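*Asks:* Supplied structure: run-v9.txt, compact mmCIF, C-alpha atoms.
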# COMPACT_ATOMS: atom_id res chain seq x y z
CA MET D 1 187.97 105.52 104.42
CA LYS D 2 191.06 104.41 106.33
CA GLN D 3 192.91 107.15 108.23
CA GLU D 4 196.21 106.49 106.45
CA ASP D 5 194.50 106.73 103.04
CA PHE D 6 192.83 109.99 104.00
CA ASP D 7 196.18 111.35 105.21
CA LEU D 8 197.96 110.35 102.02
CA LEU D 9 195.34 111.82 99.69
CA SER D 10 194.73 115.00 101.67
CA THR D 11 198.48 115.65 101.94
CA LEU D 12 198.90 115.24 98.19
CA VAL D 13 196.02 117.66 97.46
CA ARG D 14 197.37 120.15 99.96
CA GLN D 15 200.90 120.13 98.59
CA ARG D 16 199.71 120.61 95.05
CA SER D 17 196.84 123.06 95.48
CA GLY D 18 196.95 124.42 99.02
CA LEU D 19 193.45 123.03 99.60
CA VAL D 20 193.15 121.99 103.23
CA LEU D 21 190.94 118.96 103.82
CA THR D 22 189.98 118.42 107.42
CA PRO D 23 188.69 114.96 108.47
CA GLU D 24 185.06 116.24 108.31
CA LYS D 25 185.65 116.78 104.61
CA ALA D 26 186.39 113.09 104.00
CA TYR D 27 183.05 112.81 102.20
CA LEU D 28 184.24 115.41 99.67
CA LEU D 29 187.36 113.38 99.01
CA GLU D 30 185.28 110.26 98.53
CA SER D 31 182.68 111.78 96.23
CA ARG D 32 185.20 113.65 94.08
CA LEU D 33 187.89 110.95 93.86
CA PHE D 34 185.72 107.92 93.22
CA PRO D 35 185.28 108.90 89.53
CA VAL D 36 189.08 109.34 89.30
CA ALA D 37 189.60 105.84 90.68
CA ARG D 38 187.13 104.47 88.13
CA LYS D 39 188.86 106.29 85.29
CA HIS D 40 192.14 104.63 86.27
CA ASN D 41 190.49 101.20 86.48
CA MET D 42 190.49 100.97 90.25
CA LYS D 43 187.60 99.84 92.40
CA SER D 44 188.03 101.99 95.49
CA LEU D 45 189.88 104.87 97.12
CA GLU D 46 191.88 102.23 98.97
CA ASP D 47 193.21 101.02 95.61
CA LEU D 48 193.87 104.61 94.60
CA ALA D 49 195.94 105.26 97.73
CA GLN D 50 197.74 101.95 97.23
CA ALA D 51 198.65 102.89 93.66
CA LEU D 52 200.08 106.21 94.83
CA ARG D 53 202.19 104.48 97.45
CA ALA D 54 203.55 102.09 94.84
CA ARG D 55 204.37 104.78 92.26
CA ARG D 56 204.21 108.59 92.04
CA ASP D 57 202.09 108.48 88.89
CA GLU D 58 202.03 112.07 87.58
CA THR D 59 198.84 111.63 85.54
CA LEU D 60 197.03 110.17 88.51
CA MET D 61 198.20 112.96 90.82
CA PHE D 62 197.16 115.55 88.23
CA ASP D 63 193.68 114.01 87.96
CA ILE D 64 193.27 113.92 91.74
CA THR D 65 194.19 117.59 92.10
CA GLU D 66 191.87 118.57 89.24
CA ALA D 67 188.97 116.66 90.76
CA MET D 68 189.42 118.23 94.18
CA THR D 69 189.87 121.84 93.05
CA THR D 70 187.05 122.12 90.55
CA ASN D 71 184.47 124.46 91.98
CA GLU D 72 181.14 125.86 90.95
CA SER D 73 180.98 129.48 89.95
CA PHE D 74 178.36 131.83 88.58
CA PHE D 75 178.05 135.14 86.80
CA PHE D 76 178.08 138.29 88.94
CA ARG D 77 178.54 136.14 92.02
CA ASP D 78 177.42 138.13 95.10
CA GLN D 79 176.63 141.08 92.81
CA LYS D 80 178.26 143.71 95.12
CA PRO D 81 181.86 143.16 93.95
CA PHE D 82 180.71 144.00 90.42
CA THR D 83 178.75 147.09 91.45
CA LEU D 84 181.89 148.11 93.32
CA PHE D 85 183.93 147.53 90.16
CA GLN D 86 181.58 149.66 88.06
CA LYS D 87 180.91 152.49 90.53
CA THR D 88 184.14 152.80 92.52
CA ILE D 89 187.14 150.89 91.22
CA LEU D 90 186.78 151.58 87.52
CA PRO D 91 186.14 155.36 87.82
CA GLN D 92 189.06 155.66 90.27
CA MET D 93 191.38 153.75 87.94
CA LEU D 94 190.21 155.64 84.85
CA ALA D 95 191.27 158.85 86.59
CA ALA D 96 194.56 157.39 87.86
CA ARG D 97 195.54 155.95 84.46
CA ALA D 98 194.22 158.78 82.27
CA ALA D 99 197.66 159.30 80.69
CA LYS D 100 198.47 155.66 80.05
CA LYS D 101 194.93 154.52 79.13
CA HIS D 102 195.85 150.95 80.00
CA LEU D 103 194.38 148.76 82.75
CA ARG D 104 195.28 145.24 83.73
CA ILE D 105 192.80 143.11 85.66
CA TRP D 106 193.39 139.65 87.11
CA SER D 107 190.71 137.14 87.94
CA ALA D 108 192.67 134.67 90.09
CA ALA D 109 191.17 131.19 90.53
CA ALA D 110 188.87 132.02 87.64
CA SER D 111 187.20 128.59 87.59
CA SER D 112 185.00 128.27 84.49
CA GLY D 113 185.42 131.95 83.63
CA GLN D 114 182.23 133.57 84.92
CA GLU D 115 183.99 136.17 87.08
CA ALA D 116 186.34 137.35 84.34
CA TYR D 117 183.51 137.49 81.79
CA SER D 118 181.33 139.38 84.27
CA LEU D 119 184.07 142.01 84.59
CA ALA D 120 184.35 142.09 80.79
CA MET D 121 180.57 142.65 80.51
CA VAL D 122 180.78 145.56 82.95
CA CYS D 123 183.57 147.04 80.78
CA ALA D 124 181.33 146.59 77.73
CA GLU D 125 178.54 148.44 79.56
CA GLU D 126 181.02 151.24 80.24
CA ALA D 127 182.36 151.22 76.67
CA ALA D 128 181.69 154.93 76.17
CA LYS D 129 184.14 155.82 78.96
CA LEU D 130 186.70 153.29 77.73
CA GLN D 131 187.10 154.64 74.19
CA GLY D 132 190.79 154.49 73.31
CA TRP D 133 191.64 152.41 76.38
CA LYS D 134 193.39 149.06 76.44
CA ILE D 135 191.84 146.74 79.04
CA ASP D 136 193.57 143.41 79.69
CA ILE D 137 191.59 140.89 81.69
CA ILE D 138 193.54 137.75 82.61
CA GLY D 139 191.80 134.74 84.15
CA THR D 140 193.89 131.98 85.71
CA ASP D 141 193.02 128.69 87.29
CA LEU D 142 194.90 125.68 88.55
CA SER D 143 192.65 123.31 86.66
CA ARG D 144 193.28 122.68 82.96
CA GLU D 145 189.70 121.52 82.52
CA MET D 146 188.39 124.79 83.99
CA VAL D 147 190.71 126.91 81.83
CA ASN D 148 189.52 125.10 78.72
CA ARG D 149 185.88 125.56 79.71
CA ALA D 150 186.48 129.24 80.38
CA LYS D 151 188.17 129.71 76.99
CA ALA D 152 185.25 128.03 75.21
CA GLY D 153 182.79 130.28 77.04
CA ILE D 154 179.92 127.82 76.68
CA TYR D 155 177.45 127.59 79.55
CA SER D 156 174.35 125.58 80.36
CA GLN D 157 170.89 127.09 80.71
CA PHE D 158 171.26 126.75 84.48
CA GLU D 159 174.59 128.58 84.52
CA VAL D 160 173.39 131.54 82.46
CA GLN D 161 170.47 132.10 84.81
CA ARG D 162 172.40 132.18 88.08
CA GLY D 163 173.20 135.82 88.71
CA LEU D 164 173.12 136.94 85.09
CA PRO D 165 170.44 139.52 84.23
CA VAL D 166 168.42 138.37 81.20
CA THR D 167 169.21 141.63 79.40
CA TYR D 168 172.91 140.68 79.56
CA LEU D 169 172.08 137.20 78.29
CA VAL D 170 170.37 138.73 75.27
CA LYS D 171 173.15 141.27 74.69
CA TYR D 172 176.29 139.23 75.33
CA PHE D 173 175.44 135.59 74.54
CA THR D 174 174.50 133.53 71.49
CA GLN D 175 172.23 130.52 71.85
CA ILE D 176 174.17 127.68 70.21
CA ALA D 177 171.83 124.80 71.07
CA GLY D 178 168.54 124.55 72.94
CA ASP D 179 170.09 124.77 76.38
CA LYS D 180 173.64 125.95 75.63
CA TRP D 181 174.73 129.56 75.40
CA GLN D 182 178.10 130.92 74.31
CA ILE D 183 179.56 134.26 75.30
CA LYS D 184 179.91 136.48 72.23
CA ASP D 185 183.30 136.96 70.56
CA ASN D 186 183.61 140.64 71.49
CA ILE D 187 183.45 139.72 75.21
CA ARG D 188 185.49 136.53 74.82
CA GLN D 189 188.30 138.46 73.12
CA MET D 190 188.57 140.78 76.12
CA VAL D 191 189.71 137.94 78.38
CA GLN D 192 192.79 135.70 78.22
CA TYR D 193 192.79 132.50 80.24
CA ARG D 194 195.79 130.48 81.32
CA GLU D 195 196.74 127.79 83.80
CA ALA D 196 198.45 129.03 86.95
CA ASN D 197 198.90 127.79 90.48
CA LEU D 198 198.55 130.43 93.21
CA LEU D 199 201.04 128.50 95.35
CA ALA D 200 203.75 128.57 92.70
CA ASP D 201 205.79 131.45 91.29
CA PHE D 202 203.34 133.46 89.14
CA GLY D 203 206.00 133.76 86.45
CA PRO D 204 206.00 136.54 83.82
CA ILE D 205 202.40 137.53 84.50
CA GLY D 206 203.12 141.27 84.72
CA SER D 207 201.63 143.74 87.19
CA PHE D 208 197.93 144.33 87.86
CA ASP D 209 195.83 147.35 88.77
CA ILE D 210 192.90 145.26 89.93
CA VAL D 211 192.95 141.73 91.37
CA TYR D 212 189.83 139.64 92.04
CA CYS D 213 190.80 136.68 94.22
CA ARG D 214 187.52 135.50 95.70
CA ASN D 215 186.49 132.35 97.50
CA VAL D 216 189.83 130.62 97.17
CA LEU D 217 191.77 131.73 100.28
CA ILE D 218 189.06 130.09 102.44
CA TYR D 219 190.42 126.72 101.38
CA PHE D 220 193.97 127.47 102.54
CA ASP D 221 195.56 127.30 105.99
CA LEU D 222 196.84 130.52 107.59
CA PRO D 223 200.49 130.40 106.42
CA THR D 224 199.36 129.61 102.87
CA LYS D 225 196.85 132.49 102.90
CA GLY D 226 199.67 134.82 103.96
CA LYS D 227 202.01 133.51 101.30
CA VAL D 228 199.43 133.95 98.52
CA LEU D 229 198.44 137.46 99.66
CA ASN D 230 202.08 138.47 99.84
CA ALA D 231 202.68 137.18 96.32
CA ILE D 232 199.64 139.11 95.08
CA GLY D 233 201.02 142.23 96.80
CA ASN D 234 204.23 141.80 94.80
CA ILE D 235 202.49 141.98 91.43
CA MET D 236 200.04 144.81 92.23
CA THR D 237 200.55 148.42 91.22
CA PRO D 238 201.04 150.66 94.32
CA ASP D 239 197.54 152.16 93.95
CA GLY D 240 195.89 148.91 92.87
CA PHE D 241 192.81 147.21 94.32
CA LEU D 242 192.30 143.71 95.67
CA LEU D 243 188.87 142.11 95.99
CA LEU D 244 188.42 139.13 98.30
CA GLY D 245 185.40 136.89 98.91
CA GLY D 246 182.76 137.62 101.53
CA ALA D 247 184.24 135.21 104.08
CA GLU D 248 187.86 136.26 103.52
CA THR D 249 190.04 138.96 105.02
CA VAL D 250 193.65 140.17 105.18
CA LEU D 251 193.33 141.02 108.88
CA GLY D 252 195.67 138.89 110.94
CA VAL D 253 196.93 137.25 107.75
CA CYS D 254 199.01 139.76 105.82
CA ASP D 255 199.85 143.34 106.86
CA ARG D 256 200.71 144.51 103.35
CA PHE D 257 197.03 145.18 102.71
CA LYS D 258 194.43 147.27 104.48
CA PRO D 259 190.66 147.21 104.05
CA MET D 260 189.01 150.17 102.31
CA PRO D 261 186.61 151.68 104.86
CA GLY D 262 182.95 151.06 104.10
CA GLU D 263 183.63 148.77 101.15
CA HIS D 264 183.35 145.18 102.29
CA GLY D 265 185.86 142.89 100.58
CA LEU D 266 187.89 145.70 99.01
CA TYR D 267 191.54 146.12 99.96
CA CYS D 268 194.50 148.22 98.90
CA LEU D 269 198.20 148.16 99.69
CA SER D 270 198.82 149.59 103.16
CA ALA D 271 200.57 152.76 101.97
CA ALA D 272 197.89 153.70 99.42
CA TYR D 273 194.82 155.96 99.74
CA PRO D 274 195.20 157.74 103.09
CA GLN D 275 191.97 159.64 102.20
CA GLY D 276 190.02 156.63 100.93
CA VAL D 277 188.10 156.48 97.65
CA LYS D 278 184.57 157.51 96.78
CA ALA D 279 181.89 155.88 94.67
CA VAL D 280 180.99 157.76 91.51
CA GLY D 281 177.54 157.93 89.90
CA MET B 282 154.70 141.78 103.75
CA LYS B 283 155.66 141.65 100.07
CA THR B 284 153.12 140.02 97.78
CA CYS B 285 153.60 137.60 94.93
CA LEU B 286 151.11 136.29 92.37
CA ILE B 287 152.09 132.92 90.95
CA VAL B 288 150.52 132.28 87.54
CA ASP B 289 150.93 128.77 86.14
CA ASP B 290 148.51 126.11 84.92
CA SER B 291 150.50 123.40 86.71
CA ARG B 292 149.49 122.95 90.33
CA VAL B 293 152.86 121.30 91.04
CA ILE B 294 154.82 124.27 89.73
CA ARG B 295 152.64 126.68 91.71
CA LYS B 296 153.28 124.67 94.86
CA VAL B 297 157.06 124.55 94.34
CA ALA B 298 157.19 128.27 93.57
CA ARG B 299 154.97 129.11 96.55
CA GLN B 300 157.34 127.28 98.90
CA ILE B 301 160.32 129.22 97.56
CA PHE B 302 158.58 132.61 97.81
CA GLU B 303 157.15 131.93 101.26
CA SER B 304 160.60 130.90 102.51
CA ILE B 305 161.87 134.38 101.62
CA GLY B 306 158.97 136.17 103.24
CA TYR B 307 156.41 136.70 100.47
CA ALA B 308 152.64 136.35 100.84
CA CYS B 309 151.50 134.34 97.82
CA THR B 310 148.34 134.07 95.77
CA GLU B 311 147.91 131.73 92.82
CA ALA B 312 146.18 131.80 89.45
CA GLU B 313 145.85 128.94 86.95
CA ASP B 314 145.66 131.08 83.81
CA GLY B 315 146.14 134.66 82.59
CA LYS B 316 142.44 135.55 82.86
CA VAL B 317 142.18 134.56 86.53
CA ALA B 318 145.44 136.43 87.18
CA LEU B 319 144.22 139.57 85.40
CA ASP B 320 140.95 139.57 87.38
CA ALA B 321 142.98 139.27 90.59
CA CYS B 322 145.18 142.20 89.52
CA LYS B 323 142.12 144.37 88.86
CA THR B 324 141.20 143.94 92.55
CA VAL B 325 144.66 144.30 94.05
CA LEU B 326 148.05 144.62 92.38
CA PRO B 327 150.82 142.37 93.71
CA GLN B 328 154.41 143.60 93.93
CA PHE B 329 155.70 140.63 92.03
CA VAL B 330 154.30 138.25 89.40
CA LEU B 331 155.85 134.91 88.46
CA LEU B 332 154.37 134.15 85.07
CA ASP B 333 154.11 131.02 82.92
CA TRP B 334 153.82 131.53 79.17
CA ASN B 335 151.66 128.70 77.80
CA MET B 336 148.33 128.44 79.62
CA PRO B 337 144.70 127.84 78.57
CA VAL B 338 142.15 130.71 78.29
CA MET B 339 144.73 133.54 78.36
CA ASN B 340 148.47 133.04 77.97
CA GLY B 341 151.21 134.81 79.89
CA LEU B 342 152.10 137.30 77.18
CA GLU B 343 148.47 138.40 76.74
CA PHE B 344 148.15 138.76 80.52
CA LEU B 345 151.32 140.87 80.69
CA ARG B 346 150.17 143.25 77.93
CA ALA B 347 146.78 143.67 79.64
CA LEU B 348 148.38 144.14 83.06
CA ARG B 349 150.62 146.95 81.80
CA GLN B 350 147.48 148.79 80.58
CA LEU B 351 145.83 148.74 84.03
CA PRO B 352 146.08 151.83 86.25
CA GLY B 353 149.30 151.28 88.22
CA GLY B 354 149.92 148.16 86.12
CA ASP B 355 153.44 149.32 85.32
CA LYS B 356 154.45 148.87 88.98
CA PRO B 357 154.54 145.08 89.55
CA SER B 358 157.80 143.34 88.65
CA VAL B 359 156.93 140.54 86.26
CA VAL B 360 159.23 137.59 85.75
CA PHE B 361 158.41 135.00 83.13
CA CYS B 362 159.01 131.41 84.17
CA THR B 363 158.54 129.15 81.18
CA THR B 364 159.86 126.23 79.14
CA GLU B 365 160.13 128.61 76.16
CA ASN B 366 163.90 129.02 76.07
CA ASP B 367 164.76 130.67 72.78
CA LEU B 368 166.00 134.18 72.18
CA ASN B 369 162.87 135.22 70.24
CA HIS B 370 160.57 134.45 73.16
CA ILE B 371 162.88 136.25 75.59
CA GLN B 372 162.99 139.34 73.40
CA GLU B 373 159.22 139.31 72.89
CA ALA B 374 158.70 139.07 76.66
CA LEU B 375 161.07 141.95 77.40
CA GLY B 376 159.43 143.99 74.64
CA ALA B 377 156.03 143.44 76.29
CA GLY B 378 157.34 144.77 79.60
CA ALA B 379 158.70 141.72 81.45
CA ASN B 380 161.38 142.61 84.01
CA GLU B 381 163.17 139.29 84.00
CA TYR B 382 162.97 135.85 82.43
CA ILE B 383 163.48 132.38 83.87
CA MET B 384 163.81 129.30 81.67
CA LYS B 385 162.42 126.15 83.28
CA PRO B 386 163.58 124.08 85.02
CA PHE B 387 164.35 126.55 87.81
CA ASP B 388 165.48 126.26 91.40
CA ALA B 389 165.44 128.45 94.50
CA ASP B 390 168.89 129.92 93.66
CA ILE B 391 167.72 131.17 90.29
CA ILE B 392 164.59 132.78 91.76
CA ARG B 393 166.57 134.39 94.58
CA GLY B 394 169.15 135.68 92.11
CA LYS B 395 166.51 137.30 89.92
CA LEU B 396 164.79 138.88 92.94
CA GLU B 397 168.15 140.21 94.12
CA GLN B 398 168.80 141.83 90.73
CA LEU B 399 165.36 143.45 90.84
CA GLY B 400 166.06 144.74 94.35
CA LEU B 401 163.23 142.66 95.79
CA LEU B 402 165.25 140.56 98.19
CA ASP B 403 166.12 141.86 101.66
Translate this structure into structure tokens?

*Replies:*
Amino acid sequence: MKQEDFDLLSTLVRQRSGLVLTPEKAYLLESRLFPVARKHNMKSLEDLAQALRARRDETLMFDITEAMTTNESFFFRDQKPFTLFQKTILPQMLAARAAKKHLRIWSAAASSGQEAYSLAMVCAEEAAKLQGWKIDIIGTDLSREMVNRAKAGIYSQFEVQRGLPVTYLVKYFTQIAGDKWQIKDNIRQMVQYREANLLADFGPIGSFDIVYCRNVLIYFDLPTKGKVLNAIGNIMTPDGFLLLGGAETVLGVCDRFKPMPGEHGLYCLSAAYPQGVKAVG
Amino acid sequence: MKTCLIVDDSRVIRKVARQIFESIGYACTEAEDGKVALDACKTVLPQFVLLDWNMPVMNGLEFLRALRQLPGGDKPSVVFCTTENDLNHIQEALGAGANEYIMKPFDADIIRGKLEQLGLLD
């Protein structure tokens, strides 16, 4: 790929999604954008870049961003963040919100919905403690295709085996064809999905007690990471929790958050929890 | 070293599975049907069994039921690994004492994930 084409395409993707593509990632651009070029009746990425120079075609730019930001996800990814949710975060929040009996949870960059549905399944496992509670789980993603997939809640045989215990498959999914499984309505109704860009104003999304924003900051450059974390800080309740991915941190990025000692990936707002929190059960 | 018994009538599947288990530090033995596997378990119980369903002589479900009757036979973690991919088979397997269930085709990620859930991955 020509340098000027790489620059044009990577700049476009960065402006729209925050995704930083270094020159070593040129292969990713090529493999993901070639199908987009084909769809628009072009033979190469050179043609694609040329078309963008000639005209800022909104549909084309939308398709390019979608293709570059679509990422694989799986149920109970890394497992620990969900054990943490069940044993530490949820009990802590149930105590803190005992009067209101209302919790709001955000799965940011929800991809095809596995993270939000995993949290919903944990809530279903804890149903006895959640009697009379209102639990809102909101999943957002930049990609329309991903949001639609998440809403449908239909997964391949491969997807339902990665990370998902078979007992949960039996309990929370219906087999709709030989190798397709759909999440059951009672779990699906616990989650609302919508399109949202982490780089833009979040709009009237409300405030959240728990935010899962995992494996998305790694794609951003430092100032963008700081901007996104700051925006998340603005919509979190003062005693809320933030979960980041295994390779992500707030340290040196945003001083509004501090890590919770002994709980890798878990953060709270800097003023909260001088004594820390304890796991229950 | 953790031990794994791979039970499948396909030599190719046994070889693929063996590579995956050895790469994560398991010592593997193989059996081509349920009867051979059961005889092996009567001598020494493995910590983990990867189990096909449809095999000649003795199938996976019959093996599992017999294994669970052996002294200490409740200890090994047994994970089915089969082309049978419907809910009835899964429920029957769990009812017979299977710990997990893999629908073929599988890959290393799926096996590692299941081992992690069972607490058998370091």

*Asks:* Using only C-alpha atoms - which residues lie no farther than 9 Å from the point (196.9, 147.1, 84.2) in the file's frame? Write them as JSON, numbers by chain.

*Replies:* {"D": [97, 102, 103, 104, 105, 106, 134, 135, 136, 137, 206, 207, 208, 209, 210, 236, 237, 240]}

*Asks:* List every protein, DNA or RNA residue that has at least one atom no more than 12 Å from (143.1, 137.8, 88.6) in the file's coordinates, counting all atoms listed in the file, and write the result as a PyMOL selection string.

*Replies:* chain B and resi 286-288+310-327+330+339+344-345+347-348

*Asks:* Around range 349-363 of chain B, fit a box with edges along x, y and z, padding it by 8 Å on each side, then list its centre and edge lengths in Å to one decimal as lines of an AutoDock Vina configuration file.

*Replies:*
center_x = 152.5
center_y = 140.5
center_z = 85.1
size_x = 29.4
size_y = 38.7
size_z = 25.0

*Asks:* Compute the set of chain B residues within 12 Å of chain D, using all atoms listed in the file, and express it as number ranges by chain.

*Replies:* B: 360-362, 364-376, 379-400

*Asks:* Measure the distance from CA of Gly252 in chain D to CA of Met93 in chain D in Å and round it to one decimal.

*Replies:*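 One can read the CA of Gly252 in chain D to CA of Met93 in chain D distance as 27.7 Å.
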
*Asks:* For the atom pair CA of Phe34 in chain D and CA of Leu142 in chain D, what is the interatomic distance in Å to one decimal place?

*Replies:*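 If I compute the distance from CA of Phe34 in chain D to CA of Leu142 in chain D, I get 20.5 Å.
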
*Asks:* Skip Ser17 in chain D itself and residues of its chain fewer than 3 positions away, then list as an MDAnalysis selection string all residues within 9 Å of it, counting only C-alpha atoms.

*Replies:* chainID D and resid 12:14 20 65 68:69 142 197:199 220

*Asks:* Take the residues from that selection and put them in a file with C-alpha atoms, as an mmCIF file, in the frame of the given file.

*Replies:*
data_model
loop_
_atom_site.group_PDB
_atom_site.id
_atom_site.type_symbol
_atom_site.label_atom_id
_atom_site.label_comp_id
_atom_site.auth_asym_id
_atom_site.auth_seq_id
_atom_site.Cartn_x
_atom_site.Cartn_y
_atom_site.Cartn_z
ATOM 1 C CA LEU D 12 198.900 115.240 98.190
ATOM 2 C CA VAL D 13 196.020 117.660 97.460
ATOM 3 C CA ARG D 14 197.370 120.150 99.960
ATOM 4 C CA VAL D 20 193.150 121.990 103.230
ATOM 5 C CA THR D 65 194.190 117.590 92.100
ATOM 6 C CA MET D 68 189.420 118.230 94.180
ATOM 7 C CA THR D 69 189.870 121.840 93.050
ATOM 8 C CA LEU D 142 194.900 125.680 88.550
ATOM 9 C CA ASN D 197 198.900 127.790 90.480
ATOM 10 C CA LEU D 198 198.550 130.430 93.210
ATOM 11 C CA LEU D 199 201.040 128.500 95.350
ATOM 12 C CA PHE D 220 193.970 127.470 102.540
#

*Asks:* Can you pull out the residues contacting Ala116 in chain D? Cut-off 9 Å, using only C-alpha atoms, and skip same-chain residues under 6 positions away; I want them as number ranges by chain.

*Replies:* D: 75, 105-108, 110, 137-139, 191, 212

*Asks:* Quick one, how far is CA of Arg194 in chain D from CA of Asn148 in chain D?

*Replies:*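 Distance between the two atoms: 8.7 Å.
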
*Asks:* Residues at most 6 Å from Arg149 in chain D, counting only C-alpha atoms, excluding those fewer than 3 positions away in the same chain, as a list in words?

*Replies:*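 Selected residues are Ser112, Met146 and Ala152 of chain D.
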
*Asks:* Between B:Ala377, B:Ala298, B:Met336, B:Ile305, which one has atoms that come closest to Arg349 in chain B, using all atoms listed in the file?

*Replies:*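 Of B:Ala377, B:Ala298, B:Met336, B:Ile305, the one nearest Arg349 in chain B is B:Ala377, counting all atoms listed in the file.
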